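Visitor: Supplied structure: start_39.tsv, TSV, C-alpha atoms (C1' of nucleotides).
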chain	number	residue	atom	x	y	z
A	1	MET	CA	-21.38	83.69	234.42
A	2	LYS	CA	-18.93	82.35	231.88
A	3	ALA	CA	-20.14	78.85	231.21
A	4	LEU	CA	-17.83	76.76	229.09
A	5	SER	CA	-18.77	74.44	226.26
A	6	ILE	CA	-17.43	70.91	226.25
A	7	GLY	CA	-14.98	71.89	223.52
A	8	ALA	CA	-13.66	74.81	225.57
A	9	VAL	CA	-13.21	72.55	228.59
A	10	SER	CA	-11.41	70.08	226.38
A	11	ARG	CA	-8.96	72.76	225.26
A	12	GLU	CA	-8.51	73.96	228.85
A	13	THR	CA	-7.79	70.56	230.29
A	14	GLY	CA	-6.33	68.56	227.44
A	15	VAL	CA	-9.01	65.91	227.89
A	16	LYS	CA	-10.67	64.95	224.62
A	17	VAL	CA	-14.35	65.73	224.13
A	18	PRO	CA	-15.55	62.11	223.90
A	19	THR	CA	-13.47	61.28	226.97
A	20	ILE	CA	-15.18	64.03	228.96
A	21	ARG	CA	-18.56	62.58	228.03
A	22	PHE	CA	-17.23	59.16	228.95
A	23	TYR	CA	-16.11	60.39	232.37
A	24	GLU	CA	-19.59	61.73	232.91
A	25	GLU	CA	-21.06	58.39	231.95
A	26	ILE	CA	-18.93	56.46	234.44
A	27	GLY	CA	-19.58	59.00	237.15
A	28	LEU	CA	-16.14	60.56	237.45
A	29	LEU	CA	-17.48	63.93	236.46
A	30	PRO	CA	-20.96	65.14	237.50
A	31	ALA	CA	-23.49	65.68	234.73
A	32	PRO	CA	-23.46	69.42	234.08
A	33	PRO	CA	-26.49	71.62	233.39
A	34	ARG	CA	-27.50	72.02	229.78
A	35	THR	CA	-28.43	74.97	227.60
A	36	GLU	CA	-31.86	75.25	225.99
A	37	SER	CA	-30.44	73.45	223.01
A	38	ASN	CA	-29.22	70.61	225.20
A	39	ARG	CA	-25.54	71.46	225.26
A	40	ARG	CA	-23.40	70.79	228.30
A	41	THR	CA	-22.24	73.88	230.20
A	42	TYR	CA	-19.29	73.65	232.54
A	43	GLY	CA	-17.88	75.89	235.24
A	44	PRO	CA	-14.44	76.35	236.80
A	45	ALA	CA	-15.01	73.55	239.31
A	46	ASP	CA	-15.48	71.09	236.47
A	47	VAL	CA	-12.26	72.24	234.87
A	48	ARG	CA	-10.39	71.74	238.15
A	49	ARG	CA	-11.90	68.32	238.62
A	50	LEU	CA	-11.05	67.26	235.09
A	51	ARG	CA	-7.47	68.45	235.48
A	52	PHE	CA	-7.21	66.46	238.68
A	53	ILE	CA	-8.52	63.40	236.89
A	54	ARG	CA	-6.16	63.85	233.99
A	55	HIS	CA	-3.12	64.23	236.22
A	56	ALA	CA	-4.00	61.14	238.18
A	57	ARG	CA	-4.61	59.16	234.98
A	58	ASP	CA	-1.36	60.45	233.48
A	59	LEU	CA	0.41	59.19	236.57
A	60	GLY	CA	-1.11	55.81	235.85
A	61	PHE	CA	-3.73	55.69	238.60
A	62	GLU	CA	-6.63	53.51	237.60
A	63	VAL	CA	-10.08	55.01	237.37
A	64	ASP	CA	-11.09	53.38	240.63
A	65	ALA	CA	-8.10	54.90	242.39
A	66	VAL	CA	-8.95	58.27	240.87
A	67	ARG	CA	-12.44	57.94	242.27
A	68	GLN	CA	-11.00	57.35	245.73
A	69	LEU	CA	-8.55	60.22	245.40
A	70	LEU	CA	-11.37	62.53	244.33
A	71	ALA	CA	-13.38	61.49	247.34
A	72	LEU	CA	-10.40	62.21	249.59
A	73	ALA	CA	-9.77	65.57	247.97
A	74	ALA	CA	-13.35	66.51	248.71
A	75	HIS	CA	-12.79	66.16	252.45
A	76	PRO	CA	-9.82	68.36	253.40
A	77	GLU	CA	-10.12	67.62	257.11
A	78	THR	CA	-9.58	63.91	256.95
A	79	PRO	CA	-6.08	62.58	257.55
A	80	CYS	CA	-4.22	62.11	254.32
A	81	ALA	CA	-2.89	58.70	255.27
A	82	SER	CA	-5.32	57.09	252.85
A	83	ALA	CA	-4.15	59.20	249.94
A	84	ASP	CA	-0.62	58.37	250.90
A	85	GLU	CA	-1.41	54.69	251.02
A	86	LEU	CA	-3.06	54.81	247.60
A	87	ALA	CA	0.02	56.46	246.18
A	88	ARG	CA	2.32	53.97	247.86
A	89	ALA	CA	0.33	51.04	246.53
A	90	HIS	CA	0.56	52.58	243.12
A	91	LEU	CA	4.31	52.97	243.50
A	92	ARG	CA	4.63	49.29	244.34
A	93	GLU	CA	2.72	48.41	241.19
A	94	ILE	CA	4.96	50.62	239.09
A	95	ASP	CA	8.03	48.96	240.60
A	96	GLU	CA	6.68	45.54	239.81
A	97	LYS	CA	5.96	46.54	236.24
A	98	ILE	CA	9.46	47.93	235.86
A	99	ASP	CA	11.00	44.76	237.27
A	100	ARG	CA	9.02	42.61	234.90
A	101	LEU	CA	9.90	44.75	231.92
A	102	VAL	CA	13.60	44.78	232.77
A	103	ALA	CA	13.64	40.99	233.01
A	104	LEU	CA	11.81	40.83	229.72
A	105	ARG	CA	14.20	43.27	228.13
A	106	GLU	CA	17.13	41.06	229.05
A	107	GLU	CA	15.49	38.01	227.60
A	108	VAL	CA	14.64	39.70	224.33
A	109	GLN	CA	18.12	41.23	224.19
A	110	ALA	CA	19.73	37.81	224.72
A	111	MET	CA	17.53	36.47	221.97
A	112	ILE	CA	18.72	39.16	219.57
A	113	ASP	CA	22.35	38.86	220.60
A	114	GLY	CA	22.35	35.14	219.89
A	115	CYS	CA	21.03	35.60	216.39
A	116	GLU	CA	23.65	35.16	213.69
A	117	GLN	CA	21.63	36.87	211.00
A	118	GLU	CA	21.56	33.86	208.73
A	119	THR	CA	18.44	32.05	207.65
A	120	VAL	CA	15.46	31.40	209.84
A	121	ARG	CA	16.71	27.84	210.23
A	122	THR	CA	19.48	28.98	212.54
A	123	CYS	CA	17.80	32.12	213.84
A	124	ARG	CA	18.01	32.44	217.60
A	125	VAL	CA	14.90	34.54	217.79
A	126	ILE	CA	12.76	31.85	216.24
A	127	GLU	CA	14.61	29.13	218.09
A	128	VAL	CA	14.16	30.68	221.49
A	129	LEU	CA	10.47	31.06	220.87
A	130	ALA	CA	10.11	27.51	219.57
A	131	ASP	CA	11.96	25.95	222.49
A	132	HIS	CA	12.12	28.16	225.47
A	133	GLY	CA	14.66	26.78	227.95
A	134	GLY	CA	13.52	26.53	231.55
A	135	CYS	CA	9.89	26.66	230.60
A	136	LEU	CA	7.41	24.75	232.68
A	137	PRO	CA	3.90	24.01	231.51
A	138	GLY	CA	1.54	26.26	233.33
A	139	ALA	CA	4.30	28.42	234.79
A	140	ARG	CA	2.67	31.59	233.71
B	1	MET	CA	-2.01	8.06	216.75
B	2	LYS	CA	-2.23	9.77	220.09
B	3	ALA	CA	-4.59	12.62	219.50
B	4	LEU	CA	-4.84	15.05	222.38
B	5	SER	CA	-7.96	16.65	223.78
B	6	ILE	CA	-8.05	20.39	224.26
B	7	GLY	CA	-7.63	19.87	228.00
B	8	ALA	CA	-4.54	17.71	227.51
B	9	VAL	CA	-3.04	20.32	225.19
B	10	SER	CA	-3.82	22.96	227.79
B	11	ARG	CA	-1.93	21.00	230.44
B	12	GLU	CA	0.99	20.39	228.04
B	13	THR	CA	1.38	24.00	227.02
B	14	GLY	CA	0.10	25.99	229.95
B	15	VAL	CA	-2.40	27.78	227.70
B	16	LYS	CA	-5.90	27.78	229.14
B	17	VAL	CA	-8.65	25.93	227.33
B	18	PRO	CA	-10.75	28.99	226.42
B	19	THR	CA	-7.61	30.73	225.23
B	20	ILE	CA	-6.81	27.85	222.87
B	21	ARG	CA	-10.28	28.15	221.40
B	22	PHE	CA	-9.79	31.88	221.18
B	23	TYR	CA	-6.51	31.45	219.29
B	24	GLU	CA	-8.31	29.20	216.85
B	25	GLU	CA	-10.99	31.82	216.38
B	26	ILE	CA	-8.51	34.56	215.56
B	27	GLY	CA	-6.55	32.27	213.26
B	28	LEU	CA	-3.38	31.85	215.31
B	29	LEU	CA	-3.93	28.12	215.59
B	30	PRO	CA	-5.46	26.08	212.74
B	31	ALA	CA	-8.85	24.52	213.40
B	32	PRO	CA	-8.06	20.90	214.29
B	33	PRO	CA	-10.01	17.83	213.17
B	34	ARG	CA	-12.88	16.74	215.40
B	35	THR	CA	-14.00	13.43	216.82
B	36	GLU	CA	-17.38	11.94	215.99
B	37	SER	CA	-18.76	13.74	218.99
B	38	ASN	CA	-17.37	17.05	217.77
B	39	ARG	CA	-14.41	17.34	220.10
B	40	ARG	CA	-11.17	18.96	218.96
B	41	THR	CA	-8.23	16.57	218.50
B	42	TYR	CA	-4.72	17.95	218.49
B	43	GLY	CA	-1.34	16.55	217.43
B	44	PRO	CA	2.25	17.30	218.39
B	45	ALA	CA	2.53	20.09	215.80
B	46	ASP	CA	-0.31	21.96	217.50
B	47	VAL	CA	1.43	21.63	220.85
B	48	ARG	CA	4.65	23.03	219.37
B	49	ARG	CA	2.80	25.89	217.74
B	50	LEU	CA	0.96	26.75	220.94
B	51	ARG	CA	4.16	26.70	222.94
B	52	PHE	CA	5.71	29.03	220.41
B	53	ILE	CA	2.72	31.35	220.70
B	54	ARG	CA	2.84	31.29	224.48
B	55	HIS	CA	6.53	32.08	224.63
B	56	ALA	CA	6.15	34.97	222.25
B	57	ARG	CA	3.16	36.31	224.22
B	58	ASP	CA	5.02	35.86	227.50
B	59	LEU	CA	7.80	37.96	226.02
B	60	GLY	CA	5.21	40.60	225.32
B	61	PHE	CA	4.94	40.27	221.55
B	62	GLU	CA	1.55	41.37	220.33
B	63	VAL	CA	-0.65	38.89	218.54
B	64	ASP	CA	0.09	40.52	215.20
B	65	ALA	CA	3.82	40.17	215.80
B	66	VAL	CA	3.29	36.54	216.81
B	67	ARG	CA	1.48	35.98	213.54
B	68	GLN	CA	4.46	37.34	211.64
B	69	LEU	CA	6.93	35.31	213.68
B	70	LEU	CA	4.91	32.16	213.02
B	71	ALA	CA	4.95	32.90	209.31
B	72	LEU	CA	8.72	33.34	209.45
B	73	ALA	CA	9.21	30.17	211.43
B	74	ALA	CA	7.32	28.30	208.75
B	75	HIS	CA	9.90	29.21	206.11
B	76	PRO	CA	13.31	28.11	207.40
B	77	GLU	CA	15.14	29.14	204.23
B	78	THR	CA	14.31	32.83	204.34
B	79	PRO	CA	16.86	35.17	205.89
B	80	CYS	CA	16.13	35.80	209.52
B	81	ALA	CA	16.64	39.54	209.26
B	82	SER	CA	12.89	40.09	209.51
B	83	ALA	CA	12.60	38.09	212.73
B	84	ASP	CA	15.56	40.03	214.03
B	85	GLU	CA	13.92	43.31	213.09
B	86	LEU	CA	10.66	42.31	214.79
B	87	ALA	CA	12.56	41.50	217.96
B	88	ARG	CA	14.51	44.75	217.80
B	89	ALA	CA	11.35	46.77	217.32
B	90	HIS	CA	9.91	44.99	220.32
B	91	LEU	CA	13.01	45.77	222.33
B	92	ARG	CA	12.64	49.45	221.50
B	93	GLU	CA	9.05	49.36	222.70
B	94	ILE	CA	10.09	47.72	225.95
B	95	ASP	CA	12.76	50.36	226.46
B	96	GLU	CA	10.26	53.12	225.90
B	97	LYS	CA	7.86	51.58	228.38
B	98	ILE	CA	10.62	51.26	230.96
B	99	ASP	CA	11.66	54.88	230.44
B	100	ARG	CA	8.12	56.08	230.87
B	101	LEU	CA	7.59	53.99	233.98
B	102	VAL	CA	10.82	55.15	235.56
B	103	ALA	CA	9.87	58.80	234.98
B	104	LEU	CA	6.47	58.05	236.44
B	105	ARG	CA	7.98	56.31	239.41
B	106	GLU	CA	10.03	59.36	240.22
B	107	GLU	CA	7.04	61.62	240.02
B	108	VAL	CA	4.93	59.43	242.26
B	109	GLN	CA	7.84	59.02	244.66
B	110	ALA	CA	8.32	62.79	244.84
B	111	MET	CA	4.64	63.14	245.53
B	112	ILE	CA	4.82	60.69	248.42
B	113	ASP	CA	8.05	62.19	249.80
B	114	GLY	CA	6.50	65.64	249.93
B	115	CYS	CA	3.54	64.46	251.94
B	116	GLU	CA	3.69	65.38	255.58
B	117	GLN	CA	1.08	62.92	256.66
B	118	GLU	CA	-1.27	65.54	258.03
B	119	THR	CA	-4.74	66.19	256.79
B	120	VAL	CA	-5.81	66.15	253.18
B	121	ARG	CA	-5.71	69.94	253.23
B	122	THR	CA	-1.93	69.90	253.23
B	123	CYS	CA	-1.44	66.56	251.55
B	124	ARG	CA	1.11	66.69	248.76
B	125	VAL	CA	-0.44	63.75	246.95
B	126	ILE	CA	-3.75	65.51	246.55
B	127	GLU	CA	-2.08	68.83	245.93
B	128	VAL	CA	0.14	67.56	243.17
B	129	LEU	CA	-2.82	66.01	241.45
B	130	ALA	CA	-4.93	69.14	241.82
B	131	ASP	CA	-2.26	71.45	240.47
B	132	HIS	CA	0.36	69.69	238.49
B	133	GLY	CA	3.31	72.00	237.89
B	134	GLY	CA	4.58	72.27	234.36
B	135	CYS	CA	1.40	70.93	232.93
B	136	LEU	CA	0.29	72.14	229.54
B	137	PRO	CA	-3.20	71.60	228.24
B	138	GLY	CA	-3.09	68.89	225.63
B	139	ALA	CA	0.46	67.89	226.49
B	140	ARG	CA	-0.39	64.27	226.73
C	1	DC	C1'	-25.52	-0.85	234.17
C	2	DC	C1'	-26.01	3.30	236.71
C	3	DT	C1'	-24.56	7.36	238.65
C	4	DA	C1'	-21.49	11.19	239.43
C	5	DC	C1'	-18.53	14.38	237.99
C	6	DA	C1'	-15.16	16.08	234.76
C	7	DT	C1'	-14.62	17.72	230.46
C	8	DG	C1'	-16.19	19.17	226.15
C	9	DC	C1'	-19.18	22.11	223.02
C	10	DT	C1'	-21.34	26.85	221.44
C	11	DC	C1'	-22.78	31.31	222.33
C	12	DT	C1'	-23.04	35.63	224.66
C	13	DA	C1'	-21.34	39.11	227.52
C	14	DG	C1'	-17.82	41.41	230.28
C	15	DC	C1'	-13.23	43.50	231.35
C	16	DC	C1'	-10.47	48.42	230.91
C	17	DA	C1'	-10.39	53.01	229.30
C	18	DC	C1'	-11.33	54.79	225.79
C	19	DT	C1'	-11.85	55.74	220.45
C	20	DA	C1'	-14.32	55.97	216.07
C	21	DG	C1'	-18.10	56.67	213.30
C	22	DA	C1'	-23.00	57.39	211.84
C	23	DG	C1'	-26.55	60.52	211.49
C	24	DG	C1'	-28.48	64.51	212.88
C	25	DA	C1'	-29.09	69.36	215.25
C	26	DT	C1'	-27.28	73.84	216.29
C	27	DC	C1'	-24.08	77.69	216.42
C	28	DA	C1'	-20.89	81.51	214.75
C	29	DA	C1'	-19.00	84.00	211.08
C	30	DC	C1'	-19.14	85.89	206.67
D	1	DG	C1'	-28.20	82.30	203.67
D	2	DT	C1'	-24.65	79.34	203.52
D	3	DT	C1'	-20.66	77.19	205.09
D	4	DG	C1'	-18.11	74.77	208.43
D	5	DA	C1'	-17.22	73.95	213.20
D	6	DT	C1'	-19.14	72.16	217.07
D	7	DC	C1'	-22.52	69.77	219.54
D	8	DC	C1'	-25.82	65.79	220.51
D	9	DT	C1'	-26.92	60.47	221.02
D	10	DC	C1'	-26.12	55.95	219.92
D	11	DT	C1'	-23.65	51.88	218.54
D	12	DA	C1'	-19.65	49.31	217.85
D	13	DG	C1'	-14.73	48.48	218.02
D	14	DT	C1'	-10.00	48.04	220.26
D	15	DG	C1'	-6.72	43.92	222.63
D	16	DG	C1'	-6.47	39.73	224.61
D	17	DC	C1'	-8.56	37.35	226.77
D	18	DT	C1'	-12.08	35.64	230.86
D	19	DA	C1'	-16.55	34.18	232.76
D	20	DG	C1'	-20.78	32.10	232.61
D	21	DA	C1'	-25.08	29.81	230.77
D	22	DG	C1'	-26.93	25.76	229.12
D	23	DC	C1'	-26.22	21.59	227.04
D	24	DA	C1'	-23.81	17.12	225.33
D	25	DT	C1'	-20.38	13.84	226.01
D	26	DG	C1'	-16.64	10.95	228.34
D	27	DT	C1'	-14.80	8.28	232.29
D	28	DA	C1'	-14.37	5.97	236.75
D	29	DG	C1'	-16.31	3.80	240.68
D	30	DG	C1'	-19.68	0.90	242.70
Spit out the file's structure as structure tokens when you get a sec.

Guide:
Amino acid sequence: MKALSIGAVSRETGVKVPTIRFYEEIGLLPAPPRTESNRRTYGPADVRRLRFIRHARDLGFEVDAVRQLLALAAHPETPCASADELARAHLREIDEKIDRLVALREEVQAMIDGCEQETVRTCRVIEVLADHGGCLPGAR
Amino acid sequence: MKALSIGAVSRETGVKVPTIRFYEEIGLLPAPPRTESNRRTYGPADVRRLRFIRHARDLGFEVDAVRQLLALAAHPETPCASADELARAHLREIDEKIDRLVALREEVQAMIDGCEQETVRTCRVIEVLADHGGCLPGAR
DNA sequence: CCTACATGCTCTAGCCACTAGAGGATCAAC
DNA sequence: GTTGATCCTCTAGTGGCTAGAGCATGTAGG
């Protein structure tokens, strides 16, 4: 009926045209039928799928996780424990990232606070970087 | 006097051997002299520079920022305002990342909380992804 | 002195998730 | 019929490394 061009789908979903083609390439989105002149034609199901993908990506799920979530969404009768577990794992990752960033923030803030705004010779920022207290070789 | 091999420098600084070579390639670390058999030989200055680089990278400074910080560190007489500004800009970036992650965390948490652990058909995780409320096309 | 094995070298390719650009075909509107 | 938007494929680039192939050296034990 009303087949959509890739540009129309892009406007509908907010996913950029090259990204849609990329998702097709990596198998996130099925390859759609083409017109006589070789243009991709999409239907409503593709739009829904792309929106799903975009939401998951926006929430920071990795492509592999999105693939799993899509597979789960395709089987409404299965228990949702696996989707839940995916989300929980993702939450743990987010928490870890936040923790790391907060620790980092404090270190950078301390670096800035210590700086007396004179010359580089006495600059805390440079000094901290040049001789990081409590640093062990290989403690990465 | 006591020239260090790339492996020794790696152990001293905690920077992996291939990474040291990579830093040389991108011009963060000067190309060191070689032995007769073409092996890199490093001195104390290289170790200091690498440590500086590693600390800055550990603190999340991008390579370009590290380059600028190194240039500043090389001129002790210049005012440190630029180093300070680099660090402040970095702090702002960290804050933005934290804000975004915290917002994300809440959204994912809400998604998990709403899930009643039944089948995928009623799973909030899948549902939220499939139909994200308040979502505008292109609002990325 | 010989033999392992570690370490070094260069070069290429891969990771993630796209993004950018070249060079060309096709479509819609005027 | 012409302009300009959109589409196609293909290649290459981003950042910051990491991994591996295939080879040449260095070092320690026997």

Visitor: Write out as a PyMOL selection string which residues come within 8 Å of stretch 89-95 of chain A when counting all atoms listed in the file, dropping same-chain ones fewer than 3 positions away.

Guide: (chain A and resi 61+85-86+98-99) or (chain B and resi 101+105+108-109)

Visitor: What does the distance from atom C1' of D:DT27 to atom C1' of C:DG8 come to in Å, to one decimal?

Guide: 12.6 Å

Visitor: Give me, as an mmCIF file with C-alpha atoms, in the coordinates of the input, the residues of chain B touching chain A, with the criterion being at most 8 Å (counting all atoms listed in the file).

Guide:
data_model
loop_
_atom_site.group_PDB
_atom_site.id
_atom_site.type_symbol
_atom_site.label_atom_id
_atom_site.label_comp_id
_atom_site.auth_asym_id
_atom_site.auth_seq_id
_atom_site.Cartn_x
_atom_site.Cartn_y
_atom_site.Cartn_z
ATOM 1 C CA ARG B 11 -1.930 21.000 230.440
ATOM 2 C CA GLU B 12 0.990 20.390 228.040
ATOM 3 C CA THR B 13 1.380 24.000 227.020
ATOM 4 C CA GLY B 14 0.100 25.990 229.950
ATOM 5 C CA VAL B 15 -2.400 27.780 227.700
ATOM 6 C CA ARG B 48 4.650 23.030 219.370
ATOM 7 C CA ARG B 49 2.800 25.890 217.740
ATOM 8 C CA ARG B 51 4.160 26.700 222.940
ATOM 9 C CA PHE B 52 5.710 29.030 220.410
ATOM 10 C CA ILE B 53 2.720 31.350 220.700
ATOM 11 C CA HIS B 55 6.530 32.080 224.630
ATOM 12 C CA ALA B 56 6.150 34.970 222.250
ATOM 13 C CA ASP B 58 5.020 35.860 227.500
ATOM 14 C CA LEU B 59 7.800 37.960 226.020
ATOM 15 C CA GLY B 60 5.210 40.600 225.320
ATOM 16 C CA LEU B 69 6.930 35.310 213.680
ATOM 17 C CA LEU B 72 8.720 33.340 209.450
ATOM 18 C CA ALA B 73 9.210 30.170 211.430
ATOM 19 C CA HIS B 75 9.900 29.210 206.110
ATOM 20 C CA PRO B 76 13.310 28.110 207.400
ATOM 21 C CA GLU B 77 15.140 29.140 204.230
ATOM 22 C CA THR B 78 14.310 32.830 204.340
ATOM 23 C CA PRO B 79 16.860 35.170 205.890
ATOM 24 C CA CYS B 80 16.130 35.800 209.520
ATOM 25 C CA ALA B 81 16.640 39.540 209.260
ATOM 26 C CA ALA B 83 12.600 38.090 212.730
ATOM 27 C CA ASP B 84 15.560 40.030 214.030
ATOM 28 C CA ALA B 87 12.560 41.500 217.960
ATOM 29 C CA ARG B 88 14.510 44.750 217.800
ATOM 30 C CA LEU B 91 13.010 45.770 222.330
ATOM 31 C CA ILE B 94 10.090 47.720 225.950
ATOM 32 C CA ASP B 95 12.760 50.360 226.460
ATOM 33 C CA LYS B 97 7.860 51.580 228.380
ATOM 34 C CA ILE B 98 10.620 51.260 230.960
ATOM 35 C CA LEU B 101 7.590 53.990 233.980
ATOM 36 C CA VAL B 102 10.820 55.150 235.560
ATOM 37 C CA LEU B 104 6.470 58.050 236.440
ATOM 38 C CA ARG B 105 7.980 56.310 239.410
ATOM 39 C CA GLU B 107 7.040 61.620 240.020
ATOM 40 C CA VAL B 108 4.930 59.430 242.260
ATOM 41 C CA GLN B 109 7.840 59.020 244.660
ATOM 42 C CA ILE B 112 4.820 60.690 248.420
ATOM 43 C CA CYS B 115 3.540 64.460 251.940
ATOM 44 C CA GLN B 117 1.080 62.920 256.660
ATOM 45 C CA GLU B 118 -1.270 65.540 258.030
ATOM 46 C CA THR B 119 -4.740 66.190 256.790
ATOM 47 C CA VAL B 120 -5.810 66.150 253.180
ATOM 48 C CA ARG B 121 -5.710 69.940 253.230
ATOM 49 C CA CYS B 123 -1.440 66.560 251.550
ATOM 50 C CA VAL B 125 -0.440 63.750 246.950
ATOM 51 C CA ILE B 126 -3.750 65.510 246.550
ATOM 52 C CA LEU B 129 -2.820 66.010 241.450
ATOM 53 C CA ALA B 130 -4.930 69.140 241.820
ATOM 54 C CA ASP B 131 -2.260 71.450 240.470
ATOM 55 C CA HIS B 132 0.360 69.690 238.490
ATOM 56 C CA LEU B 136 0.290 72.140 229.540
ATOM 57 C CA PRO B 137 -3.200 71.600 228.240
ATOM 58 C CA GLY B 138 -3.090 68.890 225.630
ATOM 59 C CA ALA B 139 0.460 67.890 226.490
ATOM 60 C CA ARG B 140 -0.390 64.270 226.730
#

Visitor: Got a sec to pull out which chain B residues are within 10 Å of chain C, counting all atoms listed in the file, and send them as a list in words?

Guide: Ser5, Ile6, Gly7, Ser37, Asn38, Arg39 and Arg40 of chain B

Visitor: Please tabulate, as a tab-separated table, the residues of chain B that come within 9 Å of chain D, each with its closest pair of atoms and the distance in Å to one decimal, counting all atoms listed in the file and ordering rows by chain, then residue number upward.

Guide:
residue	atom	partner	partner_atom	distance
B:Pro18	CA	D:DT18	C1'	8.1
B:Thr19	CA	D:DC17	C1'	6.9
B:Phe22	CA	D:DC17	C1'	7.9
B:Ser37	CA	D:DT25	C1'	7.2
B:Glu62	CA	D:DG15	C1'	9.0
B:Val63	CA	D:DG16	C1'	8.5

Visitor: One decimal, in Å: what's the spacing between atom CA of B:Pro33 and atom CA of B:Asp64?

Guide: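 We find that atom CA of B:Pro33 and atom CA of B:Asp64 lie 24.9 Å from each other.
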